[in-house]
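Asks: Here's a structure for you.
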Amino acid sequence: MASIQHPCVCSPFGPKTREDFLKYYCQLTLDLNTVQRNVCLSEENTKLTYCSTPHSYPDHPDRFTTNWFQVLCRDSLSSPSYWEVDWSGTVFIAVSSKGITRCGDNDSWFAGSDKAWTLVCSPTYTSFWHKNKETPIRMPCSSKVGVYLDQKAGTLSFYSVTNTMTLLHKLQTTFTEPLYPGFNLSGTIKILPLTK
């Protein structure tokens with residue numbers, strides 16, 4: 001039986017169907033030394049939830065200590081890479097240099113830093129942020145987001161994933177450092193395993 005092709009409303013270059021994107025799927029592993037204390041982990045560290053009561057994670061120089069409820073993944077991304085998350089509430093889905101500041105204000109916030117590129121999703125709006133500059137996205141975002149990074153080509157794309165893949169935002173730049181997935185949340189994020 002032929003496989004189901006998921007159409008993609010996106011660039012004519014690179015992967016075009018969800019099946020194409022899944023060839024580059026990478027399983028994300030959180031770096032537990034970076035978890036801000038108001039981020040609670042569950043389901044074998046694949047589900048992140050904002051918690052009002054701080055956890056007593058041990059001190060570590062890599063831990064985010066600001067009021068931004070953030071975490072980075074442990075492993076840098078190969079090129080190309082693709083991953084998916086489910087979300088609810090308000091979430092920031094980012095790729096970041098590991099050198100992002102862990103304390104302070106805007107420099108340690110994914111959306112404010114020049115070392116991170118961030119999609120912000122909420123029930124009422126979607127936007128892209130870099131260096132504290134917002135680019136509104138004038139289309140709804142589904143509860144599942146796919147992220148595709150081709151670091152060698154200098155492209156990063158965010159998709160709303162339903163029975164189609166709809167491009168939310170794509171940027172072309174030069175990435176000079178290894179990049180890591182990161183999350184900031186006042187809701188819930190679930191890192192999804194590879195599923196067809």
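Residue numbering restarts at 1 for every chain of the structure tokens, chains are lettered A, B, ... in their displayed order, and ligands are numbered from 1 as they appear.
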Would you please give, as a ChimeraX atom specification, all residues of chain A that DSSP assigns to helix (DSSP H, G or I) based on the backbone?
Replies: /A:18-22,106-108
Asks: Which residues in region 19-75 of chain A does DSSP call strand (DSSP E)? List them as JSON, numbers by chain.
Replies: {"A": [39, 40, 41, 42, 47, 48, 49, 50, 70, 71, 72]}
Asks: Go through A:Leu30, A:Val147, A:Ala153, A:Leu41 and flag the residue nearest Leu119 (chain A), using only C-alpha atoms for the distances.
Replies: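 Nearest candidate to Leu119 (chain A) out of A:Leu30, A:Val147, A:Ala153, A:Leu41: A:Val147.
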Asks: Mind checking which residues fall within 7 Å of region 166-175 of chain A, counting only C-alpha atoms, ignoring those fewer than 2 positions away in the same chain, and posting them as a list in words?
Replies: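 Close residues of region 166-175 of chain A: Cys8, Val9, Cys10, Ile137, Gln151, Gly154, Thr155, Leu156, Ser157, Phe158, Tyr159, Ser160, Val161, Thr164 and Glu177 of chain A.
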Asks: Please produce a file of those selected residues containing N, CA and C atoms, as an mmCIF file, in the first residue's frame.
Replies:
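Dumped to out-v8.cif:
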```
data_model
loop_
_atom_site.group_PDB
_atom_site.id
_atom_site.type_symbol
_atom_site.label_atom_id
_atom_site.label_comp_id
_atom_site.auth_asym_id
_atom_site.auth_seq_id
_atom_site.Cartn_x
_atom_site.Cartn_y
_atom_site.Cartn_z
ATOM 1 N N CYS A 8 2.705 20.035 1.670
ATOM 2 C CA CYS A 8 3.393 21.080 2.422
ATOM 3 C C CYS A 8 3.208 22.412 1.712
ATOM 4 N N VAL A 9 2.663 23.392 2.424
ATOM 5 C CA VAL A 9 2.517 24.730 1.876
ATOM 6 C C VAL A 9 3.766 25.488 2.290
ATOM 7 N N CYS A 10 4.826 25.402 1.495
ATOM 8 C CA CYS A 10 6.109 25.923 1.936
ATOM 9 C C CYS A 10 6.992 26.222 0.737
ATOM 10 N N ILE A 137 3.227 36.922 12.920
ATOM 11 C CA ILE A 137 2.856 35.903 11.933
ATOM 12 C C ILE A 137 1.338 35.893 11.847
ATOM 13 N N GLN A 151 21.598 24.002 8.959
ATOM 14 C CA GLN A 151 22.593 24.988 9.380
ATOM 15 C C GLN A 151 23.591 25.291 8.278
ATOM 16 N N GLY A 154 22.063 27.630 6.094
ATOM 17 C CA GLY A 154 21.691 28.857 6.788
ATOM 18 C C GLY A 154 20.204 29.102 6.838
ATOM 19 N N THR A 155 19.395 28.035 6.896
ATOM 20 C CA THR A 155 17.944 28.203 6.928
ATOM 21 C C THR A 155 17.354 27.563 8.185
ATOM 22 N N LEU A 156 16.363 28.238 8.726
ATOM 23 C CA LEU A 156 15.594 27.742 9.865
ATOM 24 C C LEU A 156 14.123 28.001 9.562
ATOM 25 N N SER A 157 13.297 26.955 9.672
ATOM 26 C CA SER A 157 11.878 27.063 9.314
ATOM 27 C C SER A 157 11.011 26.472 10.421
ATOM 28 N N PHE A 158 9.872 27.123 10.652
ATOM 29 C CA PHE A 158 8.887 26.660 11.624
ATOM 30 C C PHE A 158 7.590 26.358 10.887
ATOM 31 N N TYR A 159 6.976 25.212 11.205
ATOM 32 C CA TYR A 159 5.773 24.772 10.508
ATOM 33 C C TYR A 159 4.657 24.481 11.489
ATOM 34 N N SER A 160 3.441 24.810 11.078
ATOM 35 C CA SER A 160 2.235 24.346 11.747
ATOM 36 C C SER A 160 1.873 22.999 11.124
ATOM 37 N N VAL A 161 1.818 21.946 11.969
ATOM 38 C CA VAL A 161 1.661 20.584 11.464
ATOM 39 C C VAL A 161 0.246 20.099 11.768
ATOM 40 N N THR A 164 -1.617 18.853 6.858
ATOM 41 C CA THR A 164 -0.653 19.490 5.961
ATOM 42 C C THR A 164 0.442 20.111 6.818
ATOM 43 N N GLU A 177 27.841 29.230 15.067
ATOM 44 C CA GLU A 177 28.111 28.376 16.223
ATOM 45 C C GLU A 177 27.184 27.172 16.199
#
```
Asks: In terms of the shortest atom-to-atom distance over only C-alpha atoms, which of A:Thr29, A:Gln36, A:Thr195, A:Thr90 is closest to Tyr180 (chain A)?
Replies: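 Ranking A:Thr29, A:Gln36, A:Thr195, A:Thr90 by distance to Tyr180 (chain A), first place goes to A:Thr29.
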Asks: Find the spatial neighbours of Ser113 (chain A), counting only C-alpha atoms, within a cut-off of 12 Å - ignore same-chain residues fewer than 6 positions away - and output them as a list in words.
Replies: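 My reading of the contact set: Ala94, Val95, Ser96, Ser97, Lys98, Gly99, Ile100, Thr101, Arg102, Cys103, Gly104, Asp105, Asn106, Asp107, Trp129, His130, Lys131, Asn132, Lys133 and Glu134 of chain A.
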Asks: Suppose you want the space between CA of Thr118 (chain A) and CA of Glu19 (chain A); what is it in Å?
Replies: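 Atom-to-atom, CA of Thr118 (chain A) to CA of Glu19 (chain A), that is 24.4 Å.
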Asks: Have a look at A:Val120, A:Leu192, A:Val145, A:Leu77 and name the one nearest to Glu43 (chain A); count only C-alpha atoms.
Replies: A:Leu192
Asks: Show which residues sit within 8 Å of Lys144 (chain A), as a list in words. Count only C-alpha atoms, and ignore same-chain residues fewer than 4 positions away.
Replies: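 Near Lys144 (chain A), the qualifying residues are Glu84, Val85, Asp86, Trp87, Ser160, Val161 and Thr162 of chain A.
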Asks: Do a neighbour search on Trp68 (chain A) at 8 Å with only C-alpha atoms, toss out local chain neighbours closer than 6 positions, and write the hits as a PyMOL selection string.
Replies: chain A and resi 36+108-109+184
